[in-house]
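Source file my_file.txt; content: compact mmCIF, C-alpha atoms.
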# COMPACT_ATOMS: atom_id res chain seq x y z
CA MET Q 23 2.07 -0.22 2.34
CA GLY Q 24 3.31 -0.94 5.68
CA ALA Q 25 2.16 0.46 9.07
CA VAL Q 26 2.09 4.25 9.59
CA PRO Q 27 4.20 5.19 12.66
CA ILE Q 28 2.88 7.58 15.26
CA ASN Q 29 4.61 8.55 18.46
CA ASN Q 30 2.90 9.41 21.72
CA ARG Q 31 4.21 9.65 25.28
CA LEU Q 32 0.75 8.79 26.59
CA PRO Q 33 -0.71 5.31 26.13
CA ARG Q 34 -3.61 6.62 24.10
CA LEU Q 35 -4.72 6.30 20.50
CA LEU Q 36 -6.97 8.88 18.87
CA LEU Q 37 -9.50 7.64 16.36
CA THR Q 38 -7.74 8.34 13.11
CA LEU Q 39 -10.53 9.91 11.09
CA ALA Q 40 -11.20 12.49 13.76
CA VAL Q 41 -7.97 14.22 14.43
CA ALA Q 42 -8.22 17.80 13.22
CA LEU Q 43 -9.77 20.29 10.83
CA LEU Q 44 -8.38 20.01 7.30
CA LEU Q 45 -8.15 23.28 5.40
CA VAL Q 46 -8.29 22.81 1.63
CA ALA Q 47 -6.35 25.90 0.69
CA CYS Q 48 -2.77 24.91 -0.10
CA GLY Q 49 -2.06 26.14 -3.60
CA SER Q 50 -5.49 25.26 -4.94
CA PRO Q 51 -7.85 27.74 -6.60
CA GLY Q 52 -10.94 26.39 -4.87
CA SER Q 53 -10.89 26.50 -1.08
CA ALA Q 54 -13.12 24.40 1.13
CA GLN Q 55 -13.13 22.83 4.53
CA ILE Q 56 -13.52 19.28 5.70
CA GLY Q 57 -14.74 19.02 9.27
CA LEU Q 58 -13.52 15.97 11.17
CA GLN Q 59 -15.04 15.52 14.58
CA PRO Q 60 -12.72 14.32 17.37
CA GLY Q 61 -13.36 10.71 18.28
CA PRO Q 62 -12.96 9.08 21.67
CA GLU Q 63 -9.53 8.16 22.95
CA THR Q 64 -8.70 4.51 23.51
CA THR Q 65 -6.09 3.42 26.03
CA VAL Q 66 -3.42 1.04 24.75
CA THR Q 67 -0.02 -0.07 26.02
CA GLN Q 68 2.53 2.68 26.62
CA ALA Q 69 4.22 4.46 23.68
CA PRO Q 70 2.22 3.22 20.64
CA LYS Q 71 4.33 3.66 17.53
CA TYR Q 72 3.15 1.54 14.55
CA ILE Q 73 -0.38 0.97 13.31
CA ALA Q 74 -2.10 -1.01 10.55
CA ALA Q 75 -5.77 -1.35 9.59
CA ALA Q 76 -7.91 -4.29 8.42
CA ASP Q 77 -11.39 -5.71 8.99
CA PHE Q 78 -10.43 -8.60 11.28
CA ASN Q 79 -13.95 -9.72 12.19
CA ALA Q 80 -15.61 -9.14 8.79
CA ASP Q 81 -18.28 -6.78 10.16
CA GLY Q 82 -17.63 -4.09 7.56
CA ALA Q 83 -15.91 -1.72 10.00
CA LEU Q 84 -12.15 -1.23 9.88
CA ASP Q 85 -10.17 -2.39 12.90
CA VAL Q 86 -6.58 -1.48 13.79
CA VAL Q 87 -3.57 -3.25 15.27
CA VAL Q 88 -1.01 -1.21 17.21
CA THR Q 89 2.50 -2.04 18.41
CA ASN Q 90 4.67 0.05 20.69
CA GLN Q 91 8.34 0.85 21.20
CA VAL Q 92 8.59 -0.05 24.90
CA THR Q 93 7.05 -3.51 25.33
CA ASN Q 94 6.32 -6.55 23.16
CA ARG Q 95 2.57 -5.98 23.31
CA MET Q 96 0.36 -5.90 20.19
CA THR Q 97 -3.17 -4.56 20.56
CA VAL Q 98 -6.07 -5.12 18.18
CA LEU Q 99 -8.84 -2.52 18.48
CA PHE Q 100 -12.15 -3.50 16.90
CA GLY Q 101 -14.00 -0.73 15.11
CA ASN Q 102 -17.57 0.13 15.93
CA ASN Q 103 -19.21 1.45 12.73
CA GLY Q 104 -16.25 3.73 12.11
CA SER Q 105 -17.07 5.95 15.10
CA SER Q 106 -15.18 4.32 17.97
CA PHE Q 107 -13.46 1.15 19.15
CA ASP Q 108 -15.68 -1.12 21.22
CA ARG Q 109 -13.19 -3.74 22.47
CA ALA Q 110 -9.51 -4.62 22.48
CA LEU Q 111 -7.50 -7.82 22.13
CA ASN Q 112 -3.90 -7.99 23.40
CA PHE Q 113 -1.17 -10.49 22.64
CA ASP Q 114 2.61 -10.50 23.06
CA ALA Q 115 5.36 -11.32 20.58
CA GLY Q 116 9.15 -10.95 20.66
CA ARG Q 117 10.99 -8.22 22.58
CA VAL Q 118 11.44 -4.98 20.59
CA LEU Q 119 8.87 -4.52 17.82
CA ARG Q 120 9.67 -2.26 14.87
CA SER Q 121 6.65 -2.44 12.54
CA VAL Q 122 3.27 -4.07 11.97
CA VAL Q 123 1.28 -5.06 8.86
CA ALA Q 124 -2.14 -6.63 8.33
CA GLY Q 125 -3.48 -8.62 5.39
CA ASP Q 126 -4.53 -12.07 4.22
CA LEU Q 127 -1.26 -14.02 4.19
CA ASN Q 128 -2.62 -17.57 3.96
CA GLY Q 129 -5.42 -17.10 1.45
CA ASP Q 130 -8.34 -17.97 3.72
CA GLY Q 131 -10.03 -14.58 3.33
CA CYS Q 132 -9.23 -13.40 6.88
CA ALA Q 133 -6.75 -10.65 7.73
CA ASP Q 134 -3.59 -11.79 9.52
CA VAL Q 135 -1.04 -9.78 11.53
CA ALA Q 136 2.77 -9.72 11.32
CA THR Q 137 5.48 -7.72 13.07
CA THR Q 138 9.28 -7.65 13.25
CA ASP Q 139 11.52 -7.98 16.29
CA TYR Q 140 14.61 -5.80 15.96
CA LEU Q 141 16.66 -7.53 18.68
CA ASP Q 142 15.78 -11.17 17.98
CA SER Q 143 15.84 -10.68 14.18
CA ARG Q 144 12.57 -12.51 13.72
CA VAL Q 145 9.21 -11.94 12.05
CA TYR Q 146 6.28 -12.84 14.31
CA TYR Q 147 2.87 -13.54 12.79
CA THR Q 148 -0.57 -14.86 13.67
CA PHE Q 149 -3.33 -15.98 11.33
CA GLY Q 150 -6.87 -14.69 11.66
CA GLU Q 151 -9.34 -17.48 12.41
CA THR Q 152 -12.86 -18.34 11.32
CA SER Q 153 -16.00 -19.48 13.11
CA SER Q 154 -17.79 -22.76 12.38
CA SER Q 155 -19.70 -20.96 9.63
CA GLY Q 156 -16.44 -20.03 7.91
CA ALA Q 157 -16.69 -16.30 8.69
CA CYS Q 158 -13.72 -14.36 10.05
CA ASN Q 159 -14.45 -13.85 13.73
CA GLY Q 160 -11.71 -11.54 15.00
CA THR Q 161 -9.75 -14.21 16.85
CA PHE Q 162 -6.19 -15.24 16.08
CA GLY Q 163 -4.18 -18.43 16.15
CA GLN Q 164 -0.93 -19.19 17.88
CA ILE Q 165 1.89 -16.67 17.54
CA GLN Q 166 4.56 -18.11 15.24
CA SER Q 167 7.89 -16.75 14.06
CA THR Q 168 10.64 -17.20 11.52
CA LYS Q 169 14.26 -16.08 11.56
CA VAL Q 170 15.26 -13.25 9.19
CA GLY Q 171 18.34 -11.13 8.55
CA ALA Q 172 19.99 -9.17 11.33
CA ARG Q 173 18.21 -6.15 12.77
CA PRO Q 174 15.00 -5.95 10.70
CA VAL Q 175 13.84 -2.34 10.44
CA ASP Q 176 10.65 -2.54 8.40
CA LEU Q 177 8.03 -4.99 7.19
CA MET Q 178 5.99 -4.81 3.98
CA ILE Q 179 3.02 -6.73 2.60
CA GLY Q 180 2.31 -7.11 -1.10
CA ASN Q 181 2.51 -9.18 -4.26
CA PHE Q 182 6.20 -10.02 -4.63
CA THR Q 183 6.15 -13.30 -6.60
CA ALA Q 184 3.91 -15.08 -9.08
CA SER Q 185 2.42 -17.15 -6.27
CA PRO Q 186 -1.23 -16.34 -5.53
CA GLY Q 187 -2.03 -14.11 -2.58
CA LEU Q 188 -0.04 -11.67 -0.50
CA GLU Q 189 3.45 -12.14 0.88
CA LEU Q 190 5.73 -10.39 3.35
CA ALA Q 191 8.98 -8.61 2.62
CA VAL Q 192 11.31 -7.54 5.41
CA ALA Q 193 14.11 -4.99 5.19
CA SER Q 194 16.98 -6.06 7.44
CA THR Q 195 20.59 -4.99 7.70
CA GLY Q 196 21.97 -5.81 4.25
CA ARG Q 197 19.03 -7.94 3.02
CA ILE Q 198 15.54 -7.63 1.60
CA GLU Q 199 13.82 -10.96 2.20
CA VAL Q 200 10.52 -12.23 0.82
CA LEU Q 201 8.57 -14.49 3.14
CA GLY Q 202 5.90 -16.84 1.84
CA GLN Q 203 4.06 -19.96 2.91
CA SER Q 204 6.11 -23.13 2.93
CA ALA Q 205 3.86 -26.07 2.07
CA PRO Q 206 2.53 -28.29 3.49
CA ASN Q 207 2.51 -26.84 7.01
CA GLY Q 208 1.36 -23.35 6.01
CA LEU Q 209 4.10 -21.66 8.02
CA ILE Q 210 5.73 -18.51 6.69
CA ASP Q 211 9.42 -18.72 5.86
CA VAL Q 212 12.10 -16.89 3.88
CA ILE Q 213 11.90 -17.95 0.24
CA LEU Q 214 14.13 -15.33 -1.42
CA ALA Q 215 16.73 -12.78 -0.35
CA SER Q 216 18.39 -9.85 -2.12
CA GLU Q 217 21.42 -7.92 -0.91
CA TYR Q 218 21.26 -4.16 -0.30
CA GLN Q 219 22.91 -1.54 1.90
CA GLY Q 220 20.33 -1.19 4.65
CA ALA Q 221 17.62 1.37 5.40
CA ARG Q 222 15.67 3.07 8.14
CA ARG Q 223 12.33 2.82 6.29
CA ALA Q 224 11.00 0.70 3.42
CA ILE Q 225 7.72 0.60 1.50
CA ALA Q 226 6.33 -1.70 -1.19
CA VAL Q 227 4.72 -0.27 -4.33
CA ASP Q 228 4.45 -1.31 -7.99
CA LEU Q 229 6.52 1.44 -9.58
CA ASP Q 230 6.80 0.07 -13.12
CA GLY Q 231 3.31 -1.32 -13.75
CA ASP Q 232 4.24 -5.01 -14.01
CA SER Q 233 1.81 -6.07 -11.23
CA PHE Q 234 4.65 -6.99 -8.88
CA ASP Q 235 5.48 -4.81 -5.90
CA ASP Q 236 8.89 -3.15 -5.86
CA VAL Q 237 10.70 -1.80 -2.79
CA VAL Q 238 11.63 1.78 -1.97
CA THR Q 239 14.08 2.31 0.90
CA LEU Q 240 14.96 5.47 2.75
CA ARG Q 241 18.34 6.63 4.00
CA PRO Q 242 20.95 3.84 3.81
CA GLN Q 243 22.54 3.56 7.24
CA GLY Q 244 25.84 5.36 7.64
CA ALA Q 245 25.49 7.34 4.43
CA PRO Q 246 26.59 10.99 4.60
CA ILE Q 247 23.47 12.11 2.74
CA ASP Q 248 19.86 11.02 2.72
CA ARG Q 249 18.78 8.95 -0.24
CA VAL Q 250 15.69 7.27 -1.62
CA SER Q 251 16.72 4.01 -3.27
CA VAL Q 252 14.62 1.98 -5.71
CA PHE Q 253 14.77 -1.82 -6.03
CA LEU Q 254 12.74 -3.29 -8.90
CA ASN Q 255 11.17 -6.72 -8.60
CA GLY Q 256 11.17 -8.78 -11.79
CA GLY Q 257 8.40 -11.03 -10.52
CA ALA Q 258 10.51 -13.65 -8.80
CA GLY Q 259 10.85 -11.66 -5.60
CA ALA Q 260 14.51 -10.85 -6.29
CA PHE Q 261 15.11 -7.11 -6.09
CA ARG Q 262 17.48 -5.23 -8.38
CA PHE Q 263 18.85 -1.82 -7.45
CA VAL Q 264 18.12 0.62 -10.27
CA GLY Q 265 19.03 3.98 -8.78
CA SER Q 266 18.54 6.51 -6.03
CA ALA Q 267 17.58 10.14 -5.55
CA LEU Q 268 18.65 12.68 -2.96
CA ALA Q 269 16.27 13.70 -0.20
CA ASP Q 270 16.35 16.75 2.03
CA PRO Q 271 18.49 16.13 5.16
CA GLY Q 272 16.85 14.38 8.08
CA ALA Q 273 14.64 12.11 5.98
CA LEU Q 274 12.08 10.41 8.23
CA ASP Q 275 9.38 8.73 6.16
CA VAL Q 276 8.38 7.99 2.57
CA VAL Q 277 4.95 7.48 1.05
CA SER Q 278 3.65 6.75 -2.46
CA ALA Q 279 0.76 8.44 -4.27
CA ASP Q 280 -0.12 9.48 -7.82
CA LEU Q 281 0.44 13.18 -7.23
CA ASN Q 282 0.01 14.41 -10.81
CA LEU Q 283 -2.74 11.95 -11.77
CA ASP Q 284 -0.85 10.46 -14.69
CA GLY Q 285 -1.52 6.88 -13.61
CA THR Q 286 1.92 6.21 -12.12
CA PRO Q 287 2.91 6.16 -8.42
CA ASP Q 288 5.12 9.02 -7.24
CA LEU Q 289 7.07 9.40 -3.99
CA VAL Q 290 6.98 11.93 -1.16
CA VAL Q 291 9.82 11.98 1.39
CA LEU Q 292 9.24 13.74 4.71
CA SER Q 293 12.32 15.40 6.21
CA GLY Q 294 12.84 16.73 9.70
CA GLY Q 295 16.45 17.88 9.66
CA VAL Q 296 17.90 21.16 10.90
CA THR Q 297 16.14 24.06 9.19
CA ALA Q 298 16.66 27.80 8.95
CA ALA Q 299 13.59 28.59 11.03
CA PRO Q 300 11.80 26.81 13.87
CA ASN Q 301 8.76 24.72 12.92
CA GLN Q 302 9.73 24.81 9.24
CA TYR Q 303 10.34 21.49 7.46
CA SER Q 304 10.08 20.06 3.98
CA ALA Q 305 9.01 17.16 1.80
CA THR Q 306 10.89 16.00 -1.28
CA ILE Q 307 8.63 15.29 -4.27
CA LEU Q 308 9.79 12.67 -6.79
CA LEU Q 309 7.57 12.25 -9.84
CA ASN Q 310 7.67 8.86 -11.54
CA ARG Q 311 8.48 9.41 -15.22
CA PRO Q 312 5.75 7.73 -17.32
CA GLU Q 313 6.43 5.65 -20.40
CA LEU Q 314 4.34 3.84 -23.00
CA ARG Q 315 4.56 0.06 -22.73
CA ASP Q 316 2.37 -2.43 -24.58
CA GLY Q 317 -0.08 0.32 -25.41
CA LYS Q 318 -0.54 1.64 -21.87
CA ILE Q 319 1.05 4.29 -19.70
CA VAL Q 320 3.14 2.85 -16.86
CA GLY Q 321 5.84 4.10 -14.55
CA SER Q 322 9.50 3.90 -15.54
CA ALA Q 323 10.83 3.93 -11.93
CA ALA Q 324 12.98 6.89 -13.00
CA PHE Q 325 12.10 9.92 -10.90
CA ASP Q 326 12.15 13.65 -11.58
CA PRO Q 327 12.69 15.77 -8.43
CA GLN Q 328 10.37 18.75 -7.98
CA PRO Q 329 10.61 21.90 -5.86
CA LEU Q 330 10.46 21.13 -2.17
CA LEU Q 331 7.11 21.28 -0.43
CA LYS Q 332 7.40 23.50 2.62
CA ILE Q 333 5.84 22.08 5.76
CA SER Q 334 5.26 24.19 8.85
CA CYS Q 335 3.17 24.32 11.96
CA PRO Q 336 2.12 27.46 13.88
CA ALA Q 337 4.36 28.77 16.63
CA VAL Q 338 1.34 29.55 18.80
CA LEU Q 339 -2.05 27.85 18.80
CA ASN Q 340 -4.32 28.61 21.78
CA ARG Q 341 -1.45 27.98 24.14
CA PRO Q 342 2.13 29.10 24.89
CA PRO Q 343 4.71 29.15 22.06
CA MET Q 344 5.67 25.66 20.92
CA ARG Q 345 8.08 23.66 18.81
CA CYS Q 346 6.91 20.87 16.57
CA PHE Q 347 8.81 17.86 15.22
CA PRO Q 348 7.52 15.77 12.28
CA HIS Q 349 7.27 11.99 12.52
CA SER Q 350 5.36 10.41 9.65
CA ILE Q 351 3.45 11.13 6.46
CA LEU Q 352 0.30 9.60 5.01
CA ALA Q 353 -1.25 9.90 1.54
CA ALA Q 354 -4.97 9.37 1.05
CA ASP Q 355 -7.93 10.87 -0.80
CA LEU Q 356 -9.46 12.46 2.28
CA GLY Q 357 -11.74 14.74 0.26
CA ARG Q 358 -13.10 11.95 -1.98
CA ASP Q 359 -12.34 14.12 -5.00
CA SER Q 360 -9.79 11.78 -6.67
CA PHE Q 361 -6.91 14.05 -5.65
CA PRO Q 362 -4.26 12.67 -3.26
CA ASP Q 363 -3.98 14.46 0.07
CA LEU Q 364 -1.04 14.49 2.46
CA VAL Q 365 -1.17 14.44 6.26
CA VAL Q 366 1.89 14.74 8.50
CA SER Q 367 1.97 13.89 12.20
CA PHE Q 368 3.95 16.11 14.57
CA HIS Q 369 4.90 15.86 18.19
CA THR Q 370 4.97 19.16 20.02
CA LEU Q 371 6.95 20.62 22.94
CA PRO Q 372 6.86 24.00 24.65
CA ALA Q 373 9.22 26.45 22.98
CA ASP Q 374 10.92 27.21 26.32
CA GLY Q 375 12.47 23.73 26.30
CA SER Q 376 10.53 22.34 29.24
CA SER Q 377 9.90 18.62 29.22
CA VAL Q 378 6.13 18.87 29.62
CA GLN Q 379 4.18 18.27 26.42
CA THR Q 380 0.99 20.26 26.05
CA PRO Q 381 -2.19 18.88 24.50
CA GLY Q 382 -3.87 20.30 21.44
CA LEU Q 383 -4.42 19.80 17.73
CA LEU Q 384 -2.65 21.48 14.86
CA PRO Q 385 -4.57 22.62 11.73
CA PRO Q 386 -3.58 20.73 8.58
CA CYS Q 387 -3.84 21.88 5.00
CA ARG Q 388 -3.98 19.47 2.13
CA VAL Q 389 -2.79 19.03 -1.44
CA HIS Q 390 -6.01 19.50 -3.40
CA THR Q 391 -4.96 19.81 -7.04
CA PRO Q 392 -2.66 17.75 -9.29
CA PHE Q 393 0.93 18.58 -8.41
CA ARG Q 394 1.82 20.06 -11.79
CA SER Q 395 -0.89 22.74 -11.49
CA PHE Q 396 0.28 24.22 -8.19
CA ALA Q 397 0.46 27.99 -8.26
CA ARG Q 398 2.86 27.89 -5.32
CA PRO Q 399 4.30 24.60 -4.06
CA GLY Q 400 3.53 24.14 -0.41
CA VAL Q 401 1.59 22.09 2.07
CA LEU Q 402 0.78 22.38 5.73
CA ALA Q 403 -0.20 19.09 7.23
CA THR Q 404 -0.37 18.03 10.82
CA ALA Q 405 -2.38 15.49 12.67
CA ILE Q 406 -2.50 14.59 16.31
CA THR Q 407 -1.61 15.78 19.74
CA MET Q 408 1.33 13.95 21.23
CA GLY Q 409 1.02 13.65 24.98
CA ARG Q 410 1.29 16.25 27.68

Rendering of file as structure tokens:
Amino acid sequence: MGAVPINNRLPRLLLTLAVALLLVACGSPGSAQIGLQPGPETTVTQAPKYIAAADFNADGALDVVVTNQVTNRMTVLFGNNGSSFDRALNFDAGRVLRSVVAGDLNGDGCADVATTDYLDSRVYYTFGETSSSGACNGTFGQIQSTKVGARPVDLMIGNFTASPGLELAVASTGRIEVLGQSAPNGLIDVILASEYQGARRAIAVDLDGDSFDDVVTLRPQGAPIDRVSVFLNGGAGAFRFVGSALADPGALDVVSADLNLDGTPDLVVLSGGVTAAPNQYSATILLNRPELRDGKIVGSAAFDPQPLLKISCPAVLNRPPMRCFPHSILAADLGRDSFPDLVVSFHTLPADGSSVQTPGLLPPCRVHTPFRSFARPGVLATAITMGR
């Protein structure tokens, strides 16, 4: 999956695992609490927006790379035993960056970094380097780039062709392009392109169990309604449109997780459109219909819509009344209980309309049981404070 976007008017990044208290009480019979202690803030370049994680220096602790929506600066923050970041590495690429991914793109065992430039229509990338002993050391080579389709909006990393290793896929205006290494120089270049109608968000996930990552796009540009569109990959990196589903108005982000634990990836679409009540939003749940193929259960890439999950944040929380606005959604097994959990990030503003953002954390709830066993569909999920 690509980078998870977070918005912040302050140039600060909160340590991800320490954002708020998660209440395990959303439609599940057994309630519990997971206490996450706030971690130290780390200053980065103004307006951080996209983030990806990898172990760049092979020390066993996850590091992160952050891009922002104001400058062309990328920042790598090196993790310190999962409790803090102990140093930062900055480098510049392009002009207006729209996404960031991290993974081993050249097969040397070290995590690399790639990002897209919306104005220059290029993908910029840098390969992680090794020390004399052959170990990944957290340094990076020269920034390189390749031209892609006009106005790239999202970047994905995954297994898109039969070639060994990971590749990039970029969603541009009218094209999904797969980028792989072009021998013998090892540079990354466009190797395949498929036509489509455009998107504001794209993720890569193997929907049909063939070991090749497919592409899910959100909200074709200019469409009167919000849609989730599915493009299956036959293994050659050429994507075939197979259908779409409606999403609640104001679709913002899409994430994949096996919500009903049937072994197939499902989709959750976060929406932030106009609602009947302040601070009330929704998520569209699309369950991947399973099928039996070659003796095993796999996804069909045909989706069954479920009742909307209601998402809300409190109107008052240890401060004056506020309004909240959702930005992104993440799926992960936070409770280590094999059940997928959902976390949504919000930015908050005073309810009186003033331009000053107030600090504070919102209390998330989490999806604790398989989706089909919900007594009442619903999830509260919020994450971090967004400036002041």

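Here atom CA of Q:Val250 and atom CA of Q:Asp316 stand 28.3 Å from one another.
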
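Among the candidate residues Q:Phe263, Q:Tyr146, Q:Phe100, Q:Tyr140, the one lying nearest to Q:Arg173 is Q:Tyr140, with distances computed using all atoms listed in the file.
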
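Coordinates place atom CA of Q:Ser233 at a distance of 22.9 Å from atom CA of Q:Ala136.
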
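Here the question is which of Q:Ala305, Q:Val135, Q:Val277, Q:Leu201 gets nearest to Q:Phe182 using all atoms listed in the file, and that residue is Q:Leu201.
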
(Q) Set the distance at 10 Å and use all atoms listed in the file: which residues neighbour Q:Thr89 once local chain neighbours fewer than 6 positions away are removed? I'd like the list as a PyMOL selection string. (A) chain Q and resi 25+27+66-74+95-98+114-115+118-122+137

(Q) Which residues are close to Q:Ala76, i.e. within 7 Å by only C-alpha atoms, leaving aside same-chain residues fewer than 4 positions away? Reply as a ChimeraX atom specification. (A) /Q:84-86,124-125,133

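Distances from Q:Gln302, Q:Asn128, Q:Pro362, Q:Ala324 to Q:Asn282 were compared using only C-alpha atoms, and the smallest one belongs to Q:Pro362.
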
How big is the axis-aligned box, and where does its centre sit, when it encloses all atoms of stretch 167-186 of chain Q listed in the file and has 3 Å added on every side, reported in Å to one decimal as AutoDock Vina command-line options?
--center_x 9.4 --center_y -9.8 --center_z 2.5 --size_x 27.2 --size_y 20.9 --size_z 29.1

Q: Counting all atoms listed in the file, write as number ranges by chain all protein and nucleic acid residues lying at most 12 Å from (18.2, 17.8, -0.9) in the file's frame.
A: Q: 247-250, 267-273, 291-295, 304-308, 327-331

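Closest approach to Q:Asp81 among Q:Gly116, Q:Ala157, Q:Ser167, Q:Thr64 is made by Q:Ala157 (distances from all atoms listed in the file).
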
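Residue nearest Q:Thr65, chosen from Q:Ala184, Q:Asn79, Q:Val320, Q:Arg109 and counting all atoms listed in the file: Q:Arg109.
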
Q.
Considering only C-alpha atoms, can you say which of Q:Asn94, Q:Ser154, Q:Thr138, Q:Thr168 comes closest to Q:Ile210?
A. Q:Thr168

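From atom CA of Q:Arg241 back to atom CA of Q:Ile198, the distance works out to 14.7 Å.
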